[in-house]
$ cat target_26.cif   # mmCIF, C-alpha atoms
data_my_file
#
loop_
_atom_site.label_atom_id
_atom_site.label_comp_id
_atom_site.auth_asym_id
_atom_site.auth_seq_id
_atom_site.Cartn_x
_atom_site.Cartn_y
_atom_site.Cartn_z
CA MET A 19 118.13 100.31 73.29
CA LYS A 20 116.31 97.25 71.97
CA LEU A 21 117.87 95.11 74.73
CA LEU A 22 116.83 97.61 77.39
CA PHE A 23 113.29 97.63 76.04
CA SER A 24 113.24 93.84 76.03
CA LEU A 25 114.50 93.74 79.61
CA LEU A 26 112.03 96.34 80.89
CA SER A 27 109.02 94.91 79.07
CA SER A 28 109.78 91.45 80.47
CA ALA A 29 110.07 92.89 83.97
CA LEU A 30 106.71 94.63 83.54
CA PHE A 31 105.26 91.41 82.12
CA ALA A 32 106.42 89.54 85.24
CA LEU A 33 104.95 92.21 87.48
CA THR A 34 101.51 92.26 85.85
CA VAL A 35 100.26 89.78 83.20
CA GLN A 36 102.52 86.88 84.19
CA ASN A 37 102.76 87.69 87.89
CA VAL A 38 103.77 84.22 89.09
CA ILE A 39 102.70 84.96 92.67
CA PHE A 40 99.18 86.29 92.26
CA THR A 41 98.20 84.93 88.84
CA ASN A 42 99.70 81.47 89.25
CA GLY A 43 99.82 81.09 93.03
CA VAL A 44 103.56 80.33 93.10
CA GLY A 45 105.42 80.87 96.40
CA LEU A 46 102.54 82.25 98.45
CA SER A 47 103.54 80.26 101.55
CA ARG A 48 106.83 82.18 101.52
CA VAL A 49 105.10 85.51 100.84
CA MET A 50 102.89 84.98 103.91
CA ARG A 51 105.87 84.21 106.10
CA ALA A 52 107.83 87.18 104.76
CA ALA A 53 104.85 89.45 105.43
CA ASN A 54 105.04 88.50 109.10
CA ARG A 55 108.51 90.06 109.24
CA PRO A 56 108.16 93.37 107.37
CA LYS A 57 111.62 94.59 108.43
CA THR A 58 113.37 91.90 106.37
CA MET A 59 111.14 92.02 103.29
CA GLY A 60 113.57 94.12 101.22
CA ARG A 61 116.43 91.66 101.82
CA TYR A 62 114.09 88.73 101.29
CA ALA A 63 112.92 90.03 97.90
CA LEU A 64 116.47 90.96 96.82
CA ILE A 65 117.81 87.48 97.61
CA THR A 66 114.82 85.91 95.84
CA ALA A 67 115.50 88.05 92.75
CA ILE A 68 119.22 87.12 92.74
CA PHE A 69 118.57 83.39 93.11
CA THR A 70 115.77 83.55 90.53
CA LEU A 71 118.28 85.01 88.09
CA LEU A 72 120.86 82.33 88.98
CA SER A 73 118.29 79.57 88.60
CA ALA A 74 117.34 80.89 85.15
CA THR A 75 121.04 81.04 84.24
CA ALA A 76 121.43 77.39 85.26
CA GLU A 77 118.61 76.48 82.87
CA ILE A 78 120.25 78.46 80.03
CA LEU A 79 123.54 76.63 80.61
CA LEU A 80 122.00 73.18 81.10
CA ASN A 81 119.54 73.33 78.22
CA PRO A 82 121.97 72.55 75.35
CA VAL A 83 123.28 69.50 77.28
CA LEU A 84 119.81 68.23 78.17
CA GLN A 85 118.18 68.75 74.77
CA GLY A 86 120.17 66.07 72.99
CA ASN A 87 119.97 63.46 75.75
CA THR A 88 116.74 61.52 76.34
CA THR A 89 117.93 59.97 79.63
CA LEU A 90 119.07 63.25 81.14
CA ILE A 91 115.81 65.03 80.23
CA THR A 92 113.98 62.91 82.88
CA TRP A 93 116.47 64.21 85.41
CA ARG A 94 115.96 67.87 84.46
CA PRO A 95 113.96 68.76 87.64
CA PHE A 96 116.58 67.03 89.78
CA LEU A 97 119.45 68.78 88.01
CA LEU A 98 117.81 72.21 88.27
CA ALA A 99 117.06 71.70 91.97
CA ALA A 100 120.60 70.40 92.53
CA CYS A 101 121.97 73.59 90.91
CA SER A 102 119.83 75.73 93.23
CA ALA A 103 120.92 73.71 96.26
CA ALA A 104 124.59 74.00 95.23
CA LEU A 105 124.26 77.76 94.69
CA TYR A 106 122.64 78.14 98.10
CA LEU A 107 125.32 76.06 99.82
CA LEU A 108 128.03 78.08 98.07
CA ALA A 109 126.44 81.41 99.03
CA ALA A 110 125.76 80.38 102.65
CA GLY A 111 129.19 78.75 103.10
CA GLU A 112 131.13 81.62 101.57
CA GLY A 113 128.96 84.21 103.28
CA LYS A 114 129.63 82.62 106.63
CA LYS A 115 133.37 82.62 105.98
CA LEU A 116 133.83 86.06 104.40
CA HIS A 117 131.24 88.54 105.63
CA THR A 118 130.21 87.35 109.07
CA LYS A 119 128.59 90.63 110.11
CA TYR A 120 126.50 91.02 106.97
CA TYR A 121 125.82 87.30 106.85
CA ARG A 122 124.32 87.40 110.35
CA LYS A 123 121.85 90.00 109.04
CA ILE A 124 120.69 87.91 106.09
CA GLU A 125 121.06 84.46 107.66
CA PRO A 126 117.44 84.12 108.89
CA VAL A 127 116.04 84.82 105.41
CA LEU A 128 118.72 83.32 103.18
CA ALA A 129 117.43 79.72 103.05
CA PRO A 130 113.71 80.50 102.63
CA ALA A 131 114.46 83.26 100.08
CA ALA A 132 116.95 81.19 98.06
CA LEU A 133 115.17 77.83 98.07
CA ASN A 134 111.53 78.24 97.20
CA THR A 135 108.96 77.65 94.48
CA VAL A 136 109.45 81.12 92.95
CA VAL A 137 113.16 80.45 92.39
CA LEU A 138 112.72 76.91 91.11
CA SER A 139 109.77 77.69 88.83
CA ILE A 140 111.56 80.33 86.73
CA PRO A 141 113.43 77.83 84.47
CA TYR A 142 110.06 76.24 83.64
CA TYR A 143 108.46 79.61 82.84
CA GLN A 144 111.49 80.44 80.75
CA ARG A 145 110.84 77.33 78.66
CA ILE A 146 107.05 77.71 78.54
CA LEU A 147 107.26 81.38 77.50
CA LYS A 148 110.28 80.74 75.21
CA MET A 149 112.28 83.66 76.61
CA GLY A 150 115.72 84.75 75.46
CA ILE A 151 118.59 85.75 77.77
CA TRP A 152 117.64 89.42 78.19
CA GLU A 153 113.97 88.63 78.56
CA THR A 154 114.90 86.06 81.22
CA ILE A 155 116.94 88.63 83.14
CA GLY A 156 114.03 91.09 82.99
CA PHE A 157 111.54 88.41 83.99
CA SER A 158 113.66 87.32 86.96
CA LEU A 159 114.07 90.90 88.21
CA GLY A 160 110.36 91.56 87.65
CA THR A 161 109.51 88.45 89.64
CA GLY A 162 111.71 89.71 92.50
CA ALA A 163 109.79 92.99 92.37
CA ALA A 164 106.48 91.08 92.25
CA PHE A 165 107.55 89.19 95.37
CA TYR A 166 108.33 92.46 97.15
CA LEU A 167 104.99 93.93 96.05
CA ALA A 168 103.09 90.87 97.28
CA VAL A 169 104.81 90.98 100.68
CA LEU A 170 104.24 94.75 100.93
CA ILE A 171 100.53 94.42 100.18
CA LEU A 172 100.01 91.49 102.52
CA SER A 173 101.99 92.99 105.41
CA GLY A 174 99.92 96.20 105.11
CA PHE A 175 96.66 94.30 105.46
CA LEU A 176 97.88 91.84 108.10
CA PRO A 177 96.75 93.84 111.20
CA ALA A 178 93.23 94.05 109.75
CA PHE A 179 93.16 90.30 109.14
CA LEU A 180 94.17 89.57 112.71
CA GLY A 181 91.64 92.01 114.19
CA ASP A 182 88.33 90.93 115.74
CA LYS A 183 85.98 92.47 113.16
CA ALA A 184 85.53 89.23 111.21
CA PRO A 185 83.57 86.22 112.48
CA GLY A 186 85.75 84.02 114.72
CA ALA A 187 86.19 81.17 112.26
CA PHE A 188 87.39 83.54 109.52
CA ARG A 189 89.88 85.46 111.68
CA GLY A 190 93.52 85.24 110.49
CA LEU A 191 94.47 82.71 107.83
CA PRO A 192 91.00 82.03 106.30
CA GLN A 193 90.60 85.77 105.69
CA ILE A 194 94.08 85.94 104.15
CA PHE A 195 93.21 83.09 101.77
CA LEU A 196 90.01 84.85 100.69
CA PHE A 197 91.89 88.13 100.20
CA ILE A 198 94.55 86.42 98.08
CA GLY A 199 91.82 84.69 96.08
CA ILE A 200 90.12 87.99 95.28
CA PHE A 201 93.46 89.69 94.55
CA SER A 202 94.47 86.80 92.34
CA MET A 203 91.19 87.19 90.44
CA ALA A 204 91.99 90.88 89.90
CA PHE A 205 95.45 90.04 88.53
CA LEU A 206 93.87 87.54 86.18
CA GLY A 207 92.15 90.56 84.61
CA PHE A 208 95.55 91.65 83.21
CA SER A 209 95.78 88.51 81.13
CA ALA A 210 92.13 88.26 80.08
CA MET B 18 108.37 47.71 136.49
CA LYS B 19 106.14 46.00 133.91
CA ALA B 20 103.23 48.24 134.85
CA MET B 21 105.46 51.29 134.45
CA ASN B 22 106.65 50.14 131.02
CA ALA B 23 103.07 49.58 129.93
CA LYS B 24 102.17 53.06 131.16
CA VAL B 25 105.08 54.65 129.26
CA ARG B 26 104.17 52.71 126.12
CA SER B 27 100.56 53.80 126.39
CA THR B 28 101.60 57.47 126.87
CA VAL B 29 103.93 57.29 123.83
CA ARG B 30 101.17 55.70 121.76
CA LYS B 31 98.74 58.44 122.80
CA GLU B 32 101.30 61.13 121.90
CA LEU B 33 101.91 59.56 118.48
CA VAL B 34 98.17 59.35 117.79
CA GLU B 35 97.91 63.02 118.79
CA ILE B 36 100.75 63.94 116.37
CA LEU B 37 98.99 62.01 113.58
CA LYS B 38 95.64 63.67 114.28
CA ASN B 39 97.30 67.10 114.30
CA GLY B 40 98.90 66.48 110.90
CA VAL B 41 95.69 65.18 109.37
CA ILE B 42 93.21 67.72 110.68
CA PHE B 43 93.77 69.94 113.74
CA ARG B 44 97.07 71.41 112.53
CA ASN B 45 96.63 70.52 108.89
CA PRO B 46 99.76 71.79 107.06
CA VAL B 47 97.70 73.40 104.28
CA LEU B 48 94.64 74.76 106.07
CA ILE B 49 96.27 75.79 109.35
CA GLY B 50 99.98 75.95 108.50
CA ALA B 51 99.54 77.69 105.10
CA LEU B 52 102.19 75.40 103.62
CA GLY B 53 102.25 73.72 100.20
CA LEU B 54 99.71 76.14 98.74
CA PHE B 55 100.86 76.09 95.11
CA PRO B 56 99.91 72.47 94.26
CA VAL B 57 96.56 72.88 96.03
CA ALA B 58 95.62 76.21 94.46
CA ALA B 59 97.07 75.74 90.98
CA GLY B 60 97.22 71.97 90.39
CA SER B 61 94.21 70.48 92.16
CA PHE B 62 91.41 71.01 89.66
CA GLN B 63 91.04 67.46 88.48
CA LEU B 64 90.85 64.38 90.74
CA LYS B 65 93.57 62.63 88.75
CA ASN B 66 95.90 65.56 89.48
CA GLY B 67 95.05 65.44 93.17
CA VAL B 68 95.79 61.71 93.37
CA ALA B 69 99.02 62.10 91.38
CA LEU B 70 100.19 64.90 93.72
CA SER B 71 99.26 62.78 96.75
CA VAL B 72 101.22 59.80 95.42
CA MET B 73 104.23 62.04 94.88
CA MET B 74 103.90 63.45 98.38
CA PHE B 75 103.77 59.92 99.86
CA VAL B 76 106.93 58.89 98.00
CA MET B 77 108.86 62.07 98.81
CA MET B 78 107.87 63.20 102.31
CA LEU B 79 108.68 60.14 104.40
CA PRO B 80 112.22 59.38 103.12
CA VAL B 81 113.24 63.05 103.22
CA CYS B 82 112.00 63.48 106.81
CA VAL B 83 113.48 60.15 107.97
CA VAL B 84 116.91 60.91 106.49
CA SER B 85 116.79 64.43 107.92
CA GLY B 86 115.86 62.96 111.32
CA LEU B 87 118.70 60.45 111.11
CA ILE B 88 121.41 62.90 110.15
CA LYS B 89 120.08 65.33 112.80
CA LYS B 90 122.96 67.62 113.78
CA ARG B 91 125.69 65.88 111.84
CA ILE B 92 125.54 68.64 109.24
CA PRO B 93 125.61 72.34 110.22
CA SER B 94 122.24 74.07 110.38
CA TRP B 95 123.12 76.53 107.58
CA ALA B 96 123.76 73.65 105.15
CA ARG B 97 120.67 71.65 106.07
CA PRO B 98 118.15 73.42 103.76
CA GLY B 99 120.41 72.79 100.74
CA VAL B 100 120.92 69.13 101.61
CA ILE B 101 117.17 68.65 102.17
CA LEU B 102 116.37 70.22 98.80
CA LEU B 103 118.87 67.84 97.20
CA LEU B 104 117.27 64.85 98.97
CA SER B 105 113.83 66.00 97.93
CA ALA B 106 115.01 66.35 94.31
CA LEU B 107 116.43 62.85 94.44
CA CYS B 108 113.12 61.42 95.72
CA TYR B 109 111.24 63.35 93.03
CA VAL B 110 112.57 61.13 90.23
CA PRO B 111 110.95 57.85 91.45
CA ALA B 112 107.89 59.78 92.67
CA GLN B 113 107.36 61.27 89.21
CA MET B 114 107.85 57.90 87.54
CA LEU B 115 105.36 56.23 89.88
CA ALA B 116 102.75 58.96 89.48
CA GLY B 117 103.29 58.93 85.71
CA ALA B 118 102.89 55.15 85.53
CA TRP B 119 99.78 55.02 87.71
CA ILE B 120 97.99 58.10 86.45
CA PRO B 121 99.47 58.85 83.02
CA GLN B 122 96.64 61.24 82.11
CA ALA B 123 97.50 63.58 85.00
CA SER B 124 101.08 64.36 84.06
CA PRO B 125 100.62 66.83 81.16
CA SER B 126 98.34 69.12 83.16
CA LEU B 127 100.80 69.08 86.06
CA LEU B 128 103.49 70.58 83.85
CA LEU B 129 104.65 73.04 86.52
CA CYS B 130 103.12 71.66 89.73
CA ALA B 131 104.83 68.26 89.63
CA PRO B 132 108.46 69.47 89.56
CA MET B 133 107.59 72.12 92.12
CA MET B 134 106.87 69.31 94.61
CA ILE B 135 110.67 69.27 95.05
CA CYS B 136 110.51 72.54 96.95
CA ASN B 137 107.09 71.94 98.50
CA SER B 138 107.18 73.94 101.72
CA ILE B 139 105.56 71.13 103.73
CA ILE B 140 108.47 68.81 102.92
CA LEU B 141 111.14 71.48 103.39
CA SER B 142 109.77 72.87 106.65
CA ARG B 143 108.99 69.51 108.31
CA ALA B 144 112.36 68.03 107.28
CA ASN B 145 114.26 71.16 108.24
CA ASP B 146 112.50 72.24 111.44
CA TYR B 147 110.60 69.27 112.88
CA ALA B 148 112.65 66.15 112.05
CA PRO B 149 116.02 67.20 113.57
CA GLU B 150 114.37 68.20 116.86
CA HIS B 151 112.27 65.05 117.44
CA ILE B 152 112.73 61.31 117.92
CA LEU B 153 112.41 59.09 114.85
CA PRO B 154 108.95 57.57 115.59
CA ALA B 155 107.54 61.09 116.08
CA THR B 156 109.16 62.22 112.81
CA ILE B 157 107.69 59.25 110.91
CA VAL B 158 104.20 59.76 112.35
CA ASP B 159 104.37 63.52 111.70
CA ALA B 160 105.47 62.90 108.09
CA LEU B 161 102.61 60.45 107.61
CA GLY B 162 100.10 62.77 109.25
CA CYS B 163 101.17 65.74 107.12
CA THR B 164 101.09 63.59 103.97
CA ILE B 165 97.58 62.34 104.74
CA GLY B 166 96.48 65.88 105.64
CA PHE B 167 97.88 67.28 102.37
CA SER B 168 96.39 64.41 100.36
CA LEU B 169 92.95 64.86 101.91
CA VAL B 170 92.89 68.57 101.08
CA THR B 171 94.31 68.06 97.57
CA CYS B 172 91.92 65.23 96.66
CA LEU B 173 88.90 66.98 98.18
CA PHE B 174 89.70 70.22 96.35
CA SER B 175 90.33 68.39 93.08
CA ALA B 176 87.07 66.47 93.34
CA ILE B 177 85.01 69.58 94.13
CA ARG B 178 86.65 71.64 91.37
CA GLU B 179 86.24 68.88 88.80
CA LEU B 180 82.61 68.46 89.79
CA PHE B 181 82.00 72.21 89.46
CA SER B 182 83.76 72.52 86.12
CA ALA B 183 82.89 69.32 84.28
CA GLY B 184 80.18 67.70 86.32
CA THR B 185 82.21 64.49 86.47
CA LEU B 186 84.80 62.84 88.64
CA TRP B 187 87.92 61.05 87.40
CA GLY B 188 87.59 61.14 83.68
CA TYR B 189 87.22 64.58 82.17
CA ALA B 190 89.85 67.24 81.57
CA PRO B 191 88.30 70.64 82.23
CA SER B 192 89.49 73.29 79.84
CA ASN B 193 90.00 76.85 80.95
CA ALA B 194 87.10 76.97 83.39
CA ILE B 195 87.03 79.52 86.19
CA VAL B 196 87.28 76.80 88.82
CA SER B 197 90.64 75.67 87.48
CA GLN B 198 92.15 79.13 88.15
CA PRO B 199 94.33 79.56 91.26
CA PHE B 200 92.05 82.28 92.68
CA PHE B 201 89.20 79.78 92.97
CA GLY B 202 91.59 77.50 94.86
CA PHE B 203 92.39 80.29 97.31
CA LEU B 204 88.72 81.10 97.88
CA MET B 205 88.12 77.43 98.67
CA LEU B 206 91.17 77.38 100.94
CA GLY B 207 89.66 80.32 102.85
CA PHE B 208 86.39 78.50 103.53
CA PHE B 209 88.02 75.19 104.41
CA ALA B 210 90.55 76.88 106.71
CA ALA B 211 87.61 78.64 108.42
CA ALA B 212 85.91 75.27 108.93
CA VAL B 213 89.00 73.73 110.57
CA GLN B 214 89.49 76.90 112.64
CA ALA B 215 85.88 76.64 113.84
CA VAL B 216 86.52 73.02 114.92
CA ASN B 217 89.70 74.06 116.73
CA ARG B 218 87.94 76.95 118.49
CA SER B 219 85.17 74.67 119.69
CA ARG B 220 87.79 72.13 120.93
CA SER B 221 89.66 74.81 122.85
CA ARG B 222 86.38 76.16 124.36
CA LYS B 223 85.49 72.63 125.50
CA ALA B 224 88.97 72.09 126.94
CA LYS B 225 88.78 75.42 128.79
CA ARG B 226 85.45 74.43 130.29
CA LYS B 227 87.06 71.22 131.54
CA GLY B 228 90.03 73.24 132.83
CA GLY B 229 92.57 71.57 130.48
CA ARG B 230 94.55 72.59 127.41
CA VAL B 231 94.33 71.48 123.76
CA LYS B 232 97.45 69.53 122.71
#

$ encode --input "target_26.cif" --output "structure tokens"
Amino acid sequence: MKLLFSLLSSALFALTVQNVIFTNGVGLSRVMRAANRPKTMGRYALITAIFTLLSATAEILLNPVLQGNTTLITWRPFLLAACSAALYLLAAGEGKKLHTKYYRKIEPVLAPAALNTVVLSIPYYQRILKMGIWETIGFSLGTGAAFYLAVLILSGFLPAFLGDKAPGAFRGLPQIFLFIGIFSMAFLGFSA
Amino acid sequence: MKAMNAKVRSTVRKELVEILKNGVIFRNPVLIGALGLFPVAAGSFQLKNGVALSVMMFVMMLPVCVVSGLIKKRIPSWARPGVILLLSALCYVPAQMLAGAWIPQASPSLLLCAPMMICNSIILSRANDYAPEHILPATIVDALGCTIGFSLVTCLFSAIRELFSAGTLWGYAPSNAIVSQPFFGFLMLGFFAAAVQAVNRSRSRKAKRKGGRVK
């Protein structure tokens, strides 16, 4: 029961107070691109959540090795990125071999969903926030949900941003930036 | 024959200048392409940070794009993103060391932004999508243009935010001021993107009047 509470509270924490997307601005380039293709956003968010979890697992496994070695600690970012790259190559290679039909469905979103700032930042958050294993699992799943929420919100507003109601110079991307800025300010209210 | 060669050379030079100009301003990767937003919004609140991020971008972007352009289609397209991330991670180590040696005061406040340069979407998208489809000189010029474009935005944002928060440039670490929050970065991005969009719209209006097309 305690573990479940820990898992759920971490997921909620990732969705609100420590929302890495809106509060910290992590991975918004990917969110914007995913919002342009609303049909794939569920798959996109699911793959992001899975790779976030795997990336956090890599940090848990690497940490004891890195802690005692001053040379290797400089290479930590490289090693974590290498783990993510290896996991992606494994997933894409195996996926291509085993489940060709399903793989064709996820192929367009696999690389951007598996290799992005959201996925690679989780090990750092894990260290900064000193999370345990269950908290990390909850945080990773919560971050996947936060990604889905961000894409859902942005894709809903996208037609309005592209419309001709705003002054010409602000049409499209500038409006999206302002919207994210205001939204990000609102999310900051959770942590204030 | 000589005249033809000179004409071809001049056309290529013009094209390369156009690619460079697009990367720096008209198709700026941050303000028009919406790429590499995290370091700009979350890390650029102090000029030292902006310069450190720019140095890292200079060290990482060019080698990654050149190698990606050289290997072109020798590796399957599904494996390319993974290989590019690996290359980028490899270039991060010297980039971090260089930035740390030149601007040691910037590193602690870039706790999360510096390692995230590995998966900076400007590097990943240009190396993955642009480099394999273009000739090497175009790839090099595009990488340089994007790097200069990113650096301009990062340094400008950092300078403005440091001025707003501390009233100084290059020398004061702002604490938890509002301007150092990502949302302020996004609001600034909105206004700067609008400015570049206004320039682009006026260019395309002028080109239409002349009966041409903006490159």

$ resolve_selection --input "target_26.cif" --expression "the PyMOL selection byres ((chain B) within 7 of (chain A))" --output "number ranges by chain"
B: 51-55, 58-59, 95-96, 98-99, 102-103, 106-107, 110, 129, 132-133, 136, 199-201, 203-204, 206-208, 210-212, 214-215

$ atom_distance --input "target_26.cif" --atom1 "atom CA of A:Ser73" --atom2 "atom CA of A:Pro56"
25.4 Å

$ axis_aligned_box --input "target_26.cif" --around "stretch 89-99 of chain B" --padding-each-side "6 Å" --output "JSON"
{"center_x": 121.9, "center_y": 70.9, "center_z": 107.3, "size_x": 19.5, "size_y": 23.2, "size_z": 25.0}

$ residues_near_point --input "target_26.cif" --point "(91.4, 67.8, 98.5)" --cutoff "12 Å" --atoms "all atoms listed in the file" --output "PyMOL selection string"
chain B and resi 41+45+47-48+54+56-58+60-71+164-179+202+205-206+209

$ write_last_selection --input "target_26.cif" --atoms "C-alpha atoms" --output "PDB file, in the coordinates of the input"
ATOM      1  CA  VAL B  41      95.690  65.180 109.370  1.00  0.00           C
ATOM      2  CA  ASN B  45      96.630  70.520 108.890  1.00  0.00           C
ATOM      3  CA  VAL B  47      97.700  73.400 104.280  1.00  0.00           C
ATOM      4  CA  LEU B  48      94.640  74.760 106.070  1.00  0.00           C
ATOM      5  CA  LEU B  54      99.710  76.140  98.740  1.00  0.00           C
ATOM      6  CA  PRO B  56      99.910  72.470  94.260  1.00  0.00           C
ATOM      7  CA  VAL B  57      96.560  72.880  96.030  1.00  0.00           C
ATOM      8  CA  ALA B  58      95.620  76.210  94.460  1.00  0.00           C
ATOM      9  CA  GLY B  60      97.220  71.970  90.390  1.00  0.00           C
ATOM     10  CA  SER B  61      94.210  70.480  92.160  1.00  0.00           C
ATOM     11  CA  PHE B  62      91.410  71.010  89.660  1.00  0.00           C
ATOM     12  CA  GLN B  63      91.040  67.460  88.480  1.00  0.00           C
ATOM     13  CA  LEU B  64      90.850  64.380  90.740  1.00  0.00           C
ATOM     14  CA  LYS B  65      93.570  62.630  88.750  1.00  0.00           C
ATOM     15  CA  ASN B  66      95.900  65.560  89.480  1.00  0.00           C
ATOM     16  CA  GLY B  67      95.050  65.440  93.170  1.00  0.00           C
ATOM     17  CA  VAL B  68      95.790  61.710  93.370  1.00  0.00           C
ATOM     18  CA  ALA B  69      99.020  62.100  91.380  1.00  0.00           C
ATOM     19  CA  LEU B  70     100.190  64.900  93.720  1.00  0.00           C
ATOM     20  CA  SER B  71      99.260  62.780  96.750  1.00  0.00           C
ATOM     21  CA  THR B 164     101.090  63.590 103.970  1.00  0.00           C
ATOM     22  CA  ILE B 165      97.580  62.340 104.740  1.00  0.00           C
ATOM     23  CA  GLY B 166      96.480  65.880 105.640  1.00  0.00           C
ATOM     24  CA  PHE B 167      97.880  67.280 102.370  1.00  0.00           C
ATOM     25  CA  SER B 168      96.390  64.410 100.360  1.00  0.00           C
ATOM     26  CA  LEU B 169      92.950  64.860 101.910  1.00  0.00           C
ATOM     27  CA  VAL B 170      92.890  68.570 101.080  1.00  0.00           C
ATOM     28  CA  THR B 171      94.310  68.060  97.570  1.00  0.00           C
ATOM     29  CA  CYS B 172      91.920  65.230  96.660  1.00  0.00           C
ATOM     30  CA  LEU B 173      88.900  66.980  98.180  1.00  0.00           C
ATOM     31  CA  PHE B 174      89.700  70.220  96.350  1.00  0.00           C
ATOM     32  CA  SER B 175      90.330  68.390  93.080  1.00  0.00           C
ATOM     33  CA  ALA B 176      87.070  66.470  93.340  1.00  0.00           C
ATOM     34  CA  ILE B 177      85.010  69.580  94.130  1.00  0.00           C
ATOM     35  CA  ARG B 178      86.650  71.640  91.370  1.00  0.00           C
ATOM     36  CA  GLU B 179      86.240  68.880  88.800  1.00  0.00           C
ATOM     37  CA  GLY B 202      91.590  77.500  94.860  1.00  0.00           C
ATOM     38  CA  MET B 205      88.120  77.430  98.670  1.00  0.00           C
ATOM     39  CA  LEU B 206      91.170  77.380 100.940  1.00  0.00           C
ATOM     40  CA  PHE B 209      88.020  75.190 104.410  1.00  0.00           C
TER      41      PHE B 209
END

$ residues_around --input "target_26.cif" --residues "A:Ala131" --least-positions-apart "5" --cutoff "7 Å" --atoms "all atoms listed in the file" --output "number ranges by chain"
A: 62, 65-66

$ write_last_selection --input "target_26.cif" --atoms "C-alpha atoms" --output "mmCIF file, keeping the file's coordinate frame"
data_model
loop_
_atom_site.group_PDB
_atom_site.id
_atom_site.type_symbol
_atom_site.label_atom_id
_atom_site.label_comp_id
_atom_site.auth_asym_id
_atom_site.auth_seq_id
_atom_site.Cartn_x
_atom_site.Cartn_y
_atom_site.Cartn_z
ATOM 1 C CA TYR A 62 114.090 88.730 101.290
ATOM 2 C CA ILE A 65 117.810 87.480 97.610
ATOM 3 C CA THR A 66 114.820 85.910 95.840
#

$ residues_near_point --input "target_26.cif" --point "(108.6, 59.2, 111.9)" --cutoff "12 Å" --atoms "all atoms listed in the file" --output "CSV table (one decimal) with C-alpha atoms, in the coordinates of the input"
chain,number,residue,atom,x,y,z
B,33,LEU,CA,101.9,59.6,118.5
B,34,VAL,CA,98.2,59.4,117.8
B,36,ILE,CA,100.8,63.9,116.4
B,37,LEU,CA,99.0,62.0,113.6
B,78,MET,CA,107.9,63.2,102.3
B,79,LEU,CA,108.7,60.1,104.4
B,80,PRO,CA,112.2,59.4,103.1
B,81,VAL,CA,113.2,63.0,103.2
B,82,CYS,CA,112.0,63.5,106.8
B,83,VAL,CA,113.5,60.2,108.0
B,84,VAL,CA,116.9,60.9,106.5
B,85,SER,CA,116.8,64.4,107.9
B,86,GLY,CA,115.9,63.0,111.3
B,87,LEU,CA,118.7,60.4,111.1
B,143,ARG,CA,109.0,69.5,108.3
B,144,ALA,CA,112.4,68.0,107.3
B,147,TYR,CA,110.6,69.3,112.9
B,148,ALA,CA,112.6,66.2,112.0
B,149,PRO,CA,116.0,67.2,113.6
B,150,GLU,CA,114.4,68.2,116.9
B,151,HIS,CA,112.3,65.0,117.4
B,152,ILE,CA,112.7,61.3,117.9
B,153,LEU,CA,112.4,59.1,114.8
B,154,PRO,CA,109.0,57.6,115.6
B,155,ALA,CA,107.5,61.1,116.1
B,156,THR,CA,109.2,62.2,112.8
B,157,ILE,CA,107.7,59.2,110.9
B,158,VAL,CA,104.2,59.8,112.4
B,159,ASP,CA,104.4,63.5,111.7
B,160,ALA,CA,105.5,62.9,108.1
B,161,LEU,CA,102.6,60.4,107.6
B,162,GLY,CA,100.1,62.8,109.2
B,163,CYS,CA,101.2,65.7,107.1
B,164,THR,CA,101.1,63.6,104.0

$ atom_distance --input "target_26.cif" --atom1 "atom CA of B:Lys227" --atom2 "atom CA of B:Lys31"
19.4 Å

$ resolve_selection --input "target_26.cif" --expression "the PyMOL selection byres ((chain A and resi 160) around 12)" --output "PyMOL selection string"
chain A and resi 25-39+63-64+66-68+70-71+136+140+153-159+161-167

$ atom_distance --input "target_26.cif" --atom1 "atom CA of B:Met77" --atom2 "atom CA of B:Ile135"
8.3 Å

$ decode --input "target_26.cif" --residues "stretch 37-44 of chain A" --atoms "N, CA and C atoms" --output "PDB file, in the first residue's frame"
ATOM      1  N   ASN A  37       6.044  19.322 -13.211  1.00  0.00           N
ATOM      2  CA  ASN A  37       5.745  19.028 -14.609  1.00  0.00           C
ATOM      3  C   ASN A  37       6.934  19.499 -15.447  1.00  0.00           C
ATOM      4  N   VAL A  38       7.738  18.543 -15.933  1.00  0.00           N
ATOM      5  CA  VAL A  38       8.984  18.920 -16.610  1.00  0.00           C
ATOM      6  C   VAL A  38       8.715  19.686 -17.905  1.00  0.00           C
ATOM      7  N   ILE A  39       7.539  19.485 -18.497  1.00  0.00           N
ATOM      8  CA  ILE A  39       7.259  20.123 -19.783  1.00  0.00           C
ATOM      9  C   ILE A  39       6.861  21.586 -19.599  1.00  0.00           C
ATOM     10  N   PHE A  40       5.848  21.830 -18.772  1.00  0.00           N
ATOM     11  CA  PHE A  40       5.393  23.214 -18.640  1.00  0.00           C
ATOM     12  C   PHE A  40       6.195  24.013 -17.611  1.00  0.00           C
ATOM     13  N   THR A  41       6.551  23.388 -16.486  1.00  0.00           N
ATOM     14  CA  THR A  41       7.272  24.150 -15.463  1.00  0.00           C
ATOM     15  C   THR A  41       8.722  24.377 -15.862  1.00  0.00           C
ATOM     16  N   ASN A  42       9.347  23.369 -16.456  1.00  0.00           N
ATOM     17  CA  ASN A  42      10.780  23.495 -16.760  1.00  0.00           C
ATOM     18  C   ASN A  42      11.088  23.664 -18.242  1.00  0.00           C
ATOM     19  N   GLY A  43      10.095  23.582 -19.085  1.00  0.00           N
ATOM     20  CA  GLY A  43      10.312  23.806 -20.522  1.00  0.00           C
ATOM     21  C   GLY A  43      11.055  22.684 -21.227  1.00  0.00           C
ATOM     22  N   VAL A  44      11.044  21.479 -20.636  1.00  0.00           N
ATOM     23  CA  VAL A  44      11.756  20.342 -21.251  1.00  0.00           C
ATOM     24  C   VAL A  44      10.899  19.721 -22.362  1.00  0.00           C
TER      25      VAL A  44
END
